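target23.txt, holding compact mmCIF, N, CA and C atoms and all ligand atoms:
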# COMPACT_ATOMS: atom_id res chain seq x y z
N MET A 72 0.85 -1.19 0.00
CA MET A 72 0.00 0.00 0.00
C MET A 72 0.89 1.25 0.00
N THR A 73 0.64 2.16 -0.92
CA THR A 73 1.45 3.37 -1.00
C THR A 73 0.73 4.53 -0.31
N GLY A 74 1.45 5.65 -0.19
CA GLY A 74 0.84 6.84 0.40
C GLY A 74 1.41 7.15 1.77
N THR A 75 1.01 8.30 2.30
CA THR A 75 1.47 8.71 3.62
C THR A 75 0.72 7.89 4.69
N ALA A 76 1.21 8.00 5.94
CA ALA A 76 0.54 7.26 7.02
C ALA A 76 -0.95 7.62 7.12
N PRO A 77 -1.30 8.92 7.10
CA PRO A 77 -2.74 9.23 7.17
C PRO A 77 -3.53 8.65 6.01
N GLU A 78 -2.95 8.72 4.81
CA GLU A 78 -3.68 8.17 3.65
C GLU A 78 -3.87 6.66 3.80
N LYS A 79 -2.82 6.01 4.26
CA LYS A 79 -2.93 4.55 4.45
C LYS A 79 -3.96 4.23 5.53
N LEU A 80 -3.97 5.03 6.60
CA LEU A 80 -4.93 4.77 7.68
C LEU A 80 -6.36 4.95 7.19
N VAL A 81 -6.60 6.00 6.42
CA VAL A 81 -7.94 6.22 5.89
C VAL A 81 -8.36 5.00 5.07
N ALA A 82 -7.44 4.52 4.22
CA ALA A 82 -7.76 3.37 3.37
C ALA A 82 -7.98 2.10 4.20
N MET A 83 -7.17 1.92 5.24
CA MET A 83 -7.30 0.71 6.06
C MET A 83 -8.59 0.74 6.88
N TYR A 84 -8.93 1.91 7.40
CA TYR A 84 -10.20 2.01 8.14
C TYR A 84 -11.39 1.80 7.19
N ASP A 85 -11.24 2.29 5.98
CA ASP A 85 -12.30 2.07 5.00
C ASP A 85 -12.49 0.57 4.77
N GLU A 86 -11.35 -0.11 4.66
CA GLU A 86 -11.39 -1.56 4.47
C GLU A 86 -12.04 -2.24 5.69
N MET A 87 -11.68 -1.77 6.88
CA MET A 87 -12.26 -2.34 8.10
C MET A 87 -13.78 -2.12 8.12
N GLY A 88 -14.20 -0.92 7.70
CA GLY A 88 -15.63 -0.64 7.64
C GLY A 88 -16.34 -1.58 6.68
N LYS A 89 -15.65 -1.90 5.58
CA LYS A 89 -16.26 -2.81 4.59
C LYS A 89 -16.33 -4.23 5.13
N LEU A 90 -15.46 -4.53 6.09
CA LEU A 90 -15.48 -5.86 6.72
C LEU A 90 -16.58 -5.95 7.78
N THR A 91 -16.71 -4.90 8.58
CA THR A 91 -17.64 -4.97 9.72
C THR A 91 -19.08 -4.57 9.36
N GLU A 92 -19.21 -3.60 8.47
CA GLU A 92 -20.56 -3.09 8.18
C GLU A 92 -21.51 -4.18 7.66
N PRO A 93 -21.06 -5.05 6.76
CA PRO A 93 -22.00 -6.09 6.28
C PRO A 93 -22.41 -7.06 7.38
N GLU A 94 -21.55 -7.24 8.38
CA GLU A 94 -21.92 -8.11 9.51
C GLU A 94 -23.17 -7.58 10.17
N CYS A 95 -23.21 -6.28 10.36
CA CYS A 95 -24.37 -5.66 11.00
C CYS A 95 -25.56 -5.65 10.03
N ARG A 96 -25.28 -5.30 8.79
CA ARG A 96 -26.38 -5.18 7.82
C ARG A 96 -27.09 -6.52 7.64
N SER A 97 -26.33 -7.60 7.66
CA SER A 97 -26.95 -8.90 7.34
C SER A 97 -27.52 -9.61 8.57
N SER A 98 -27.08 -9.21 9.78
CA SER A 98 -27.47 -10.04 10.92
C SER A 98 -28.13 -9.29 12.06
N CYS A 99 -28.16 -7.99 11.99
CA CYS A 99 -28.59 -7.25 13.19
C CYS A 99 -30.11 -7.20 13.33
N ASN A 100 -30.57 -7.54 14.50
CA ASN A 100 -32.01 -7.44 14.77
C ASN A 100 -32.40 -6.02 15.18
N ALA A 101 -31.43 -5.28 15.62
CA ALA A 101 -31.71 -3.90 16.09
C ALA A 101 -30.59 -3.00 15.59
N PRO A 102 -30.59 -2.68 14.28
CA PRO A 102 -29.49 -1.90 13.72
C PRO A 102 -29.20 -0.61 14.49
N GLN A 103 -27.92 -0.38 14.66
CA GLN A 103 -27.42 0.81 15.37
C GLN A 103 -27.82 0.86 16.84
N SER A 104 -28.29 -0.26 17.39
CA SER A 104 -28.61 -0.24 18.82
C SER A 104 -27.33 -0.14 19.65
N CYS A 105 -26.18 -0.36 19.02
CA CYS A 105 -24.90 -0.23 19.72
C CYS A 105 -24.45 1.24 19.78
N CYS A 106 -25.07 2.10 18.97
CA CYS A 106 -24.67 3.51 18.97
C CYS A 106 -25.16 4.19 20.25
N SER A 107 -24.45 5.22 20.63
CA SER A 107 -24.88 5.98 21.81
C SER A 107 -24.34 7.40 21.68
N GLU A 108 -24.92 8.28 22.41
CA GLU A 108 -24.44 9.66 22.40
C GLU A 108 -22.98 9.72 22.86
N SER A 109 -22.65 8.92 23.87
CA SER A 109 -21.28 8.97 24.38
C SER A 109 -20.29 8.44 23.34
N ASP A 110 -20.68 7.44 22.54
CA ASP A 110 -19.78 6.96 21.49
C ASP A 110 -19.62 8.02 20.39
N CYS A 111 -20.70 8.72 20.09
CA CYS A 111 -20.59 9.83 19.13
C CYS A 111 -19.62 10.89 19.69
N ASN A 112 -19.73 11.17 20.97
CA ASN A 112 -18.84 12.17 21.57
C ASN A 112 -17.39 11.71 21.54
N LEU A 113 -17.19 10.41 21.76
CA LEU A 113 -15.82 9.87 21.68
C LEU A 113 -15.27 10.05 20.26
N ALA A 114 -16.11 9.77 19.28
CA ALA A 114 -15.68 9.95 17.88
C ALA A 114 -15.28 11.41 17.63
N ALA A 115 -16.09 12.33 18.14
CA ALA A 115 -15.79 13.75 17.94
C ALA A 115 -14.46 14.12 18.58
N MET A 116 -14.21 13.58 19.77
CA MET A 116 -12.95 13.89 20.46
C MET A 116 -11.76 13.30 19.70
N TRP A 117 -11.91 12.07 19.20
CA TRP A 117 -10.86 11.42 18.46
C TRP A 117 -10.55 12.19 17.17
N ALA A 118 -11.63 12.56 16.47
CA ALA A 118 -11.46 13.26 15.19
C ALA A 118 -10.69 14.56 15.40
N LYS A 119 -11.01 15.27 16.48
CA LYS A 119 -10.33 16.55 16.73
C LYS A 119 -8.88 16.31 17.15
N ARG A 120 -8.69 15.37 18.08
CA ARG A 120 -7.36 15.18 18.64
C ARG A 120 -6.40 14.56 17.63
N GLU A 121 -6.84 13.53 16.94
CA GLU A 121 -5.91 12.81 16.06
C GLU A 121 -5.89 13.32 14.62
N TRP A 122 -7.01 13.89 14.19
CA TRP A 122 -7.10 14.29 12.78
C TRP A 122 -7.35 15.79 12.60
N ASP A 123 -7.39 16.52 13.71
CA ASP A 123 -7.67 17.95 13.67
C ASP A 123 -8.91 18.24 12.82
N THR A 124 -9.90 17.40 13.00
CA THR A 124 -11.15 17.52 12.24
C THR A 124 -12.31 17.73 13.20
N VAL A 125 -13.07 18.77 12.96
CA VAL A 125 -14.24 19.03 13.80
C VAL A 125 -15.45 18.36 13.16
N LEU A 126 -16.07 17.48 13.89
CA LEU A 126 -17.28 16.82 13.40
C LEU A 126 -18.49 17.66 13.80
N GLU A 127 -19.19 18.15 12.80
CA GLU A 127 -20.37 18.97 13.08
C GLU A 127 -21.58 18.06 13.30
N PRO A 128 -22.23 18.18 14.45
CA PRO A 128 -23.43 17.37 14.68
C PRO A 128 -24.50 17.64 13.62
N LEU A 129 -25.24 16.62 13.27
CA LEU A 129 -26.34 16.80 12.32
C LEU A 129 -27.39 17.73 12.93
N PRO A 130 -28.04 18.53 12.09
CA PRO A 130 -29.18 19.30 12.61
C PRO A 130 -30.24 18.32 13.14
N ALA A 131 -31.01 18.77 14.08
CA ALA A 131 -31.98 17.88 14.75
C ALA A 131 -32.90 17.18 13.74
N ASP A 132 -33.31 17.90 12.68
CA ASP A 132 -34.27 17.29 11.75
C ASP A 132 -33.62 16.33 10.76
N LYS A 133 -32.29 16.20 10.82
CA LYS A 133 -31.60 15.24 9.95
C LYS A 133 -31.16 13.99 10.72
N ARG A 134 -31.45 13.96 12.01
CA ARG A 134 -31.02 12.84 12.83
C ARG A 134 -32.06 11.71 12.79
N GLY A 135 -31.59 10.53 13.17
CA GLY A 135 -32.50 9.39 13.29
C GLY A 135 -33.35 9.53 14.54
N PRO A 136 -34.22 8.54 14.77
CA PRO A 136 -35.16 8.63 15.88
C PRO A 136 -34.50 8.75 17.26
N LYS A 137 -33.29 8.24 17.38
CA LYS A 137 -32.65 8.30 18.70
C LYS A 137 -32.03 9.67 19.00
N GLY A 138 -31.86 10.45 17.97
CA GLY A 138 -31.37 11.81 18.17
C GLY A 138 -29.88 11.94 18.40
N PHE A 139 -29.11 10.87 18.14
CA PHE A 139 -27.67 10.97 18.34
C PHE A 139 -27.05 11.90 17.28
N PRO A 140 -25.99 12.59 17.66
CA PRO A 140 -25.50 13.68 16.79
C PRO A 140 -25.00 13.26 15.41
N PHE A 141 -24.53 12.01 15.26
CA PHE A 141 -23.98 11.60 13.96
C PHE A 141 -24.75 10.45 13.32
N LEU A 142 -25.90 10.15 13.87
CA LEU A 142 -26.68 9.02 13.35
C LEU A 142 -27.89 9.54 12.57
N SER A 143 -27.78 9.42 11.24
CA SER A 143 -28.89 9.84 10.38
C SER A 143 -29.90 8.68 10.30
N PRO A 144 -31.04 8.91 9.69
CA PRO A 144 -32.01 7.80 9.56
C PRO A 144 -31.44 6.62 8.78
N THR A 145 -30.40 6.85 7.97
CA THR A 145 -29.84 5.74 7.18
C THR A 145 -28.50 5.25 7.71
N GLY A 146 -28.06 5.75 8.82
CA GLY A 146 -26.81 5.25 9.40
C GLY A 146 -25.86 6.37 9.78
N CYS A 147 -24.65 5.96 10.16
CA CYS A 147 -23.66 6.92 10.64
C CYS A 147 -23.13 7.77 9.48
N VAL A 148 -22.90 9.05 9.76
CA VAL A 148 -22.41 9.94 8.70
C VAL A 148 -20.91 10.24 8.86
N VAL A 149 -20.27 9.60 9.82
CA VAL A 149 -18.85 9.88 10.08
C VAL A 149 -17.98 8.87 9.33
N ALA A 150 -16.89 9.36 8.74
CA ALA A 150 -15.98 8.48 8.01
C ALA A 150 -15.37 7.44 8.96
N PRO A 151 -15.11 6.23 8.46
CA PRO A 151 -14.64 5.15 9.34
C PRO A 151 -13.40 5.48 10.16
N HIS A 152 -12.43 6.23 9.60
CA HIS A 152 -11.20 6.49 10.34
C HIS A 152 -11.40 7.49 11.48
N LEU A 153 -12.51 8.20 11.47
CA LEU A 153 -12.77 9.20 12.51
C LEU A 153 -13.57 8.62 13.69
N ARG A 154 -13.94 7.38 13.58
CA ARG A 154 -14.72 6.73 14.67
C ARG A 154 -14.21 5.30 14.82
N PRO A 155 -12.94 5.14 15.20
CA PRO A 155 -12.31 3.81 15.19
C PRO A 155 -13.02 2.75 16.02
N GLY A 156 -13.46 3.15 17.22
CA GLY A 156 -14.12 2.17 18.07
C GLY A 156 -15.38 1.63 17.42
N CYS A 157 -16.12 2.51 16.75
CA CYS A 157 -17.35 2.09 16.08
C CYS A 157 -17.03 1.23 14.86
N THR A 158 -16.04 1.66 14.08
CA THR A 158 -15.71 0.94 12.85
C THR A 158 -15.26 -0.49 13.15
N MET A 159 -14.55 -0.67 14.25
CA MET A 159 -14.02 -2.01 14.55
C MET A 159 -15.01 -2.87 15.34
N HIS A 160 -16.15 -2.27 15.67
CA HIS A 160 -17.09 -3.00 16.53
C HIS A 160 -18.06 -3.87 15.74
N THR A 161 -18.16 -5.12 16.15
CA THR A 161 -19.32 -5.95 15.79
C THR A 161 -19.76 -6.65 17.07
N CYS A 162 -20.99 -7.08 17.10
CA CYS A 162 -21.47 -7.75 18.32
C CYS A 162 -20.67 -9.02 18.58
N ASP A 163 -20.40 -9.80 17.52
CA ASP A 163 -19.64 -11.04 17.72
C ASP A 163 -18.25 -10.76 18.28
N MET A 164 -17.56 -9.80 17.71
CA MET A 164 -16.19 -9.53 18.16
C MET A 164 -16.18 -9.00 19.59
N SER A 165 -17.19 -8.21 19.93
CA SER A 165 -17.24 -7.69 21.29
C SER A 165 -17.63 -8.77 22.29
N SER A 166 -18.53 -9.65 21.88
CA SER A 166 -19.04 -10.65 22.82
C SER A 166 -18.13 -11.87 22.92
N PHE A 167 -17.62 -12.31 21.76
CA PHE A 167 -16.89 -13.60 21.75
C PHE A 167 -15.42 -13.47 21.36
N GLY A 168 -15.08 -12.39 20.68
CA GLY A 168 -13.70 -12.26 20.20
C GLY A 168 -13.47 -12.97 18.88
N PHE A 169 -14.55 -13.45 18.26
CA PHE A 169 -14.45 -14.08 16.94
C PHE A 169 -15.84 -14.05 16.31
N LYS A 170 -15.87 -14.25 14.99
CA LYS A 170 -17.16 -14.31 14.32
C LYS A 170 -17.73 -15.71 14.49
N LYS A 171 -18.97 -15.78 14.94
CA LYS A 171 -19.54 -17.10 15.27
C LYS A 171 -19.72 -17.97 14.02
N VAL A 172 -20.31 -17.41 12.99
CA VAL A 172 -20.53 -18.21 11.77
C VAL A 172 -19.41 -17.88 10.79
N ASP A 173 -18.33 -18.63 10.91
CA ASP A 173 -17.11 -18.34 10.13
C ASP A 173 -16.32 -19.65 10.07
N PRO A 174 -16.85 -20.63 9.33
CA PRO A 174 -16.36 -22.01 9.44
C PRO A 174 -14.84 -22.16 9.31
N ASP A 175 -14.24 -21.44 8.36
CA ASP A 175 -12.78 -21.59 8.20
C ASP A 175 -12.01 -20.49 8.94
N GLY A 176 -12.74 -19.63 9.65
CA GLY A 176 -12.08 -18.57 10.42
C GLY A 176 -11.51 -17.45 9.57
N ALA A 177 -11.86 -17.44 8.27
CA ALA A 177 -11.24 -16.46 7.37
C ALA A 177 -11.61 -15.02 7.73
N TRP A 178 -12.88 -14.81 8.07
CA TRP A 178 -13.30 -13.44 8.40
C TRP A 178 -12.57 -12.97 9.65
N THR A 179 -12.54 -13.83 10.67
CA THR A 179 -11.89 -13.45 11.93
C THR A 179 -10.40 -13.19 11.71
N ASP A 180 -9.75 -14.02 10.92
CA ASP A 180 -8.32 -13.82 10.62
C ASP A 180 -8.11 -12.47 9.92
N SER A 181 -8.96 -12.19 8.93
CA SER A 181 -8.81 -10.92 8.19
C SER A 181 -9.00 -9.74 9.14
N TYR A 182 -9.98 -9.87 10.02
CA TYR A 182 -10.26 -8.79 10.97
C TYR A 182 -9.03 -8.50 11.82
N PHE A 183 -8.45 -9.54 12.43
CA PHE A 183 -7.33 -9.31 13.34
C PHE A 183 -6.07 -8.85 12.59
N GLU A 184 -5.88 -9.38 11.40
CA GLU A 184 -4.72 -8.97 10.61
C GLU A 184 -4.80 -7.47 10.30
N LEU A 185 -5.97 -7.04 9.86
CA LEU A 185 -6.15 -5.63 9.51
C LEU A 185 -6.10 -4.76 10.76
N ARG A 186 -6.71 -5.23 11.82
CA ARG A 186 -6.71 -4.46 13.07
C ARG A 186 -5.29 -4.24 13.58
N GLN A 187 -4.47 -5.29 13.47
CA GLN A 187 -3.08 -5.17 13.92
C GLN A 187 -2.32 -4.14 13.08
N LYS A 188 -2.55 -4.18 11.77
CA LYS A 188 -1.87 -3.21 10.88
C LYS A 188 -2.30 -1.79 11.23
N ILE A 189 -3.58 -1.61 11.45
CA ILE A 189 -4.08 -0.27 11.79
C ILE A 189 -3.48 0.20 13.10
N THR A 190 -3.49 -0.67 14.10
CA THR A 190 -2.99 -0.28 15.42
C THR A 190 -1.51 0.11 15.34
N THR A 191 -0.74 -0.66 14.61
CA THR A 191 0.70 -0.39 14.49
C THR A 191 0.94 0.95 13.80
N LEU A 192 0.29 1.14 12.66
CA LEU A 192 0.52 2.37 11.91
C LEU A 192 -0.01 3.58 12.68
N GLU A 193 -1.14 3.41 13.32
CA GLU A 193 -1.73 4.53 14.08
C GLU A 193 -0.79 4.96 15.22
N TRP A 194 -0.21 3.99 15.88
CA TRP A 194 0.70 4.29 16.98
C TRP A 194 1.95 5.00 16.46
N GLU A 195 2.50 4.51 15.34
CA GLU A 195 3.68 5.16 14.77
C GLU A 195 3.37 6.59 14.36
N TRP A 196 2.21 6.78 13.76
CA TRP A 196 1.83 8.13 13.31
C TRP A 196 1.63 9.04 14.51
N HIS A 197 0.98 8.51 15.53
CA HIS A 197 0.75 9.30 16.76
C HIS A 197 2.09 9.73 17.37
N LYS A 198 3.04 8.79 17.42
CA LYS A 198 4.36 9.11 18.01
C LYS A 198 5.06 10.19 17.17
N ALA A 199 4.98 10.07 15.86
CA ALA A 199 5.63 11.05 14.98
C ALA A 199 5.01 12.43 15.17
N LYS A 200 3.69 12.48 15.30
CA LYS A 200 3.02 13.78 15.51
C LYS A 200 3.43 14.39 16.85
N THR A 201 3.49 13.53 17.87
CA THR A 201 3.84 14.02 19.20
C THR A 201 5.28 14.55 19.20
N ALA A 202 6.19 13.80 18.57
CA ALA A 202 7.59 14.22 18.52
C ALA A 202 7.70 15.56 17.80
N LYS A 203 6.96 15.72 16.71
CA LYS A 203 7.02 16.97 15.95
C LYS A 203 6.50 18.13 16.80
N ALA A 204 5.41 17.87 17.53
CA ALA A 204 4.81 18.94 18.35
C ALA A 204 5.76 19.36 19.47
N GLU A 205 6.65 18.44 19.88
CA GLU A 205 7.54 18.75 21.00
C GLU A 205 8.87 19.32 20.55
N GLU A 206 9.07 19.40 19.21
CA GLU A 206 10.32 19.98 18.72
C GLU A 206 10.42 21.44 19.17
N PRO A 207 11.64 21.88 19.56
CA PRO A 207 11.77 23.29 19.95
C PRO A 207 11.44 24.18 18.76
N SER A 208 10.78 25.27 19.03
CA SER A 208 10.41 26.18 17.97
C SER A 208 11.64 26.90 17.46
N ASN A 209 11.68 27.14 16.12
CA ASN A 209 12.81 27.88 15.54
C ASN A 209 12.58 29.38 15.62
N ALA A 210 11.40 29.79 16.04
CA ALA A 210 11.07 31.21 16.05
C ALA A 210 11.90 31.96 17.08
S1 LIG B 301 -22.62 -3.94 16.27
FE1 LIG B 301 -24.31 -5.28 16.84
S2 LIG B 301 -26.00 -3.94 17.52
FE2 LIG B 301 -24.51 -2.70 16.39
S3 LIG B 301 -25.33 -2.67 14.30
FE3 LIG B 301 -23.80 -4.31 14.44
S4 LIG B 301 -24.94 -6.17 14.90
FE4 LIG B 301 -26.28 -4.38 15.35
S1 LIG B 302 -21.24 4.64 14.56
FE1 LIG B 302 -21.52 6.86 14.22
S2 LIG B 302 -23.57 7.29 15.02
FE2 LIG B 302 -22.93 5.31 15.92
S3 LIG B 302 -21.95 5.85 17.88
FE3 LIG B 302 -20.34 5.74 16.32
S4 LIG B 302 -20.11 7.89 15.62
FE4 LIG B 302 -22.10 7.74 16.67

In structure tokens, write the structure found in this file.
Amino acid sequence: MTGTAPEKLVAMYDEMGKLTEPECRSSCNAPQSCCSESDCNLAAMWAKREWDTVLEPLPADKRGPKGFPFLSPTGCVVAPHLRPGCTMHTCDMSSFGFKKVDPDGAWTDSYFELRQKITTLEWEWHKAKTAKAEEPSNA
């Protein structure tokens, strides 16, 4: 994969979203019941701190029935890399640590392989940003 660390992270989170989102779409009895206002707030904090991106809450009339700031009637409006906890979450992974219906374990293997790559690159990028911020000013 080519590109800068942020570009690679965006692409990897996108890939993770493509892995987890169909799990929910195909099996969930209560879609988005895992969402909460506090998780939306965590996403907003992460987006600002790690990506210097301000997530603007949806206007009240564009929100879904639960009224959460980033949950529209058709789903989350935040990009996968700006809400890592949500993007990596599925009920199976949270409850069991593996996908239940996954006879050869391929989905679970792909999930952990990608998650490890994301975690490693994210940590390296975070360290590089922190080191740069702590450099003495030339001014
Ligand atoms: S994580 Fe669970 S509750 Fe949330 S949408 Fe997916 S299957 Fe549904
Ligand atoms: S998936 Fe989106 S709407 Fe749901 S808790 Fe996370 S940020 Fe909020």

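Here the DSSP assignment of strand (DSSP E or B), based on backbone atoms, applies within region 80-152 of chain A to Leu142, Ser143, Gly146 and Cys147 of chain A.
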
For a quick check of understanding, using only C-alpha atoms, which of A:Phe139, A:Phe183, A:Trp194, A:Trp122 has the smallest distance to Ser109 (chain A)? A:Phe139

Give the helix (DSSP H, G or I) residues of chain A, as DSSP finds them on the backbone, and put them as number ranges by chain. A: 76-98, 108-122, 131-133, 151-153, 155-158, 162-166, 177-205

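Atom N of Lys89 (chain A) to atom N of Lys133 (chain A) spans 25.1 Å [interatomic distance, one decimal].
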
Selected residue of minimal separation from Ser104 (chain A) among A:Asp173, A:Leu80, A:Lys137, A:Thr91, counting only C-alpha atoms: A:Lys137

Please extract the residues at most 7 Å from ligand LIG 301 (chain B), counting only C-alpha atoms and all ligand atoms, and provide them as a ChimeraX atom specification, using the chain letters and residue numbers of this document. /A:94-95,98-106,160-162

Would you mind listing, for every residue of chain A within 8 Å of ligand LIG 302 (chain B), the two atoms forming the shortest contact and the distance between them in Å to one decimal, using only C-alpha atoms and all ligand atoms, sorted by chain and ascending residue number, as a Markdown table?
| residue | atom | partner | partner_atom | distance |
| --- | --- | --- | --- | --- |
| A:Gln103 | CA | B:LIG302 | FE2 | 6.4 |
| A:Cys105 | CA | B:LIG302 | FE2 | 7.0 |
| A:Cys106 | CA | B:LIG302 | S3 | 3.7 |
| A:Ser107 | CA | B:LIG302 | S3 | 4.9 |
| A:Glu108 | CA | B:LIG302 | S3 | 6.4 |
| A:Ser109 | CA | B:LIG302 | S3 | 7.2 |
| A:Asp110 | CA | B:LIG302 | S3 | 4.4 |
| A:Cys111 | CA | B:LIG302 | FE4 | 3.6 |
| A:Asn112 | CA | B:LIG302 | FE4 | 7.4 |
| A:Leu113 | CA | B:LIG302 | S4 | 7.7 |
| A:Ala114 | CA | B:LIG302 | S4 | 5.4 |
| A:Ala115 | CA | B:LIG302 | S4 | 7.6 |
| A:Phe139 | CA | B:LIG302 | S2 | 6.4 |
| A:Pro140 | CA | B:LIG302 | FE4 | 6.8 |
| A:Phe141 | CA | B:LIG302 | S2 | 4.5 |
| A:Leu142 | CA | B:LIG302 | S2 | 3.9 |
| A:Ser143 | CA | B:LIG302 | S2 | 7.5 |
| A:Gly146 | CA | B:LIG302 | S2 | 6.8 |
| A:Cys147 | CA | B:LIG302 | FE1 | 4.2 |
| A:Val148 | CA | B:LIG302 | FE1 | 6.4 |
| A:Val149 | CA | B:LIG302 | FE1 | 5.8 |
| A:Arg154 | CA | B:LIG302 | S4 | 5.6 |
| A:Gly156 | CA | B:LIG302 | FE3 | 7.4 |
| A:Cys157 | CA | B:LIG302 | FE3 | 4.7 |
| A:Thr158 | CA | B:LIG302 | S1 | 6.9 |

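Once region 176-180 of chain A and its same-chain neighbours fewer than 2 positions away are set aside, Met87, Lys89, Leu90, Thr91, Pro93, Glu94, Met159, Thr161, Asp163, Met164, Phe167, Gly168, Phe169, Lys170, Lys171, Val172, Asp173, Pro174, Tyr182, Phe183, Glu184, Leu185, Arg186 and Gln187 of chain A remain within 12 Å of it when counting only C-alpha atoms.
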
Point-to-point distance from atom C of Met83 (chain A) to atom C of Ala150 (chain A), Å rounded to tenths: 9.8 Å

To one decimal place in Å, what is the distance between atom N of Tyr84 (chain A) and CA of Ile189 (chain A)? 6.9 Å
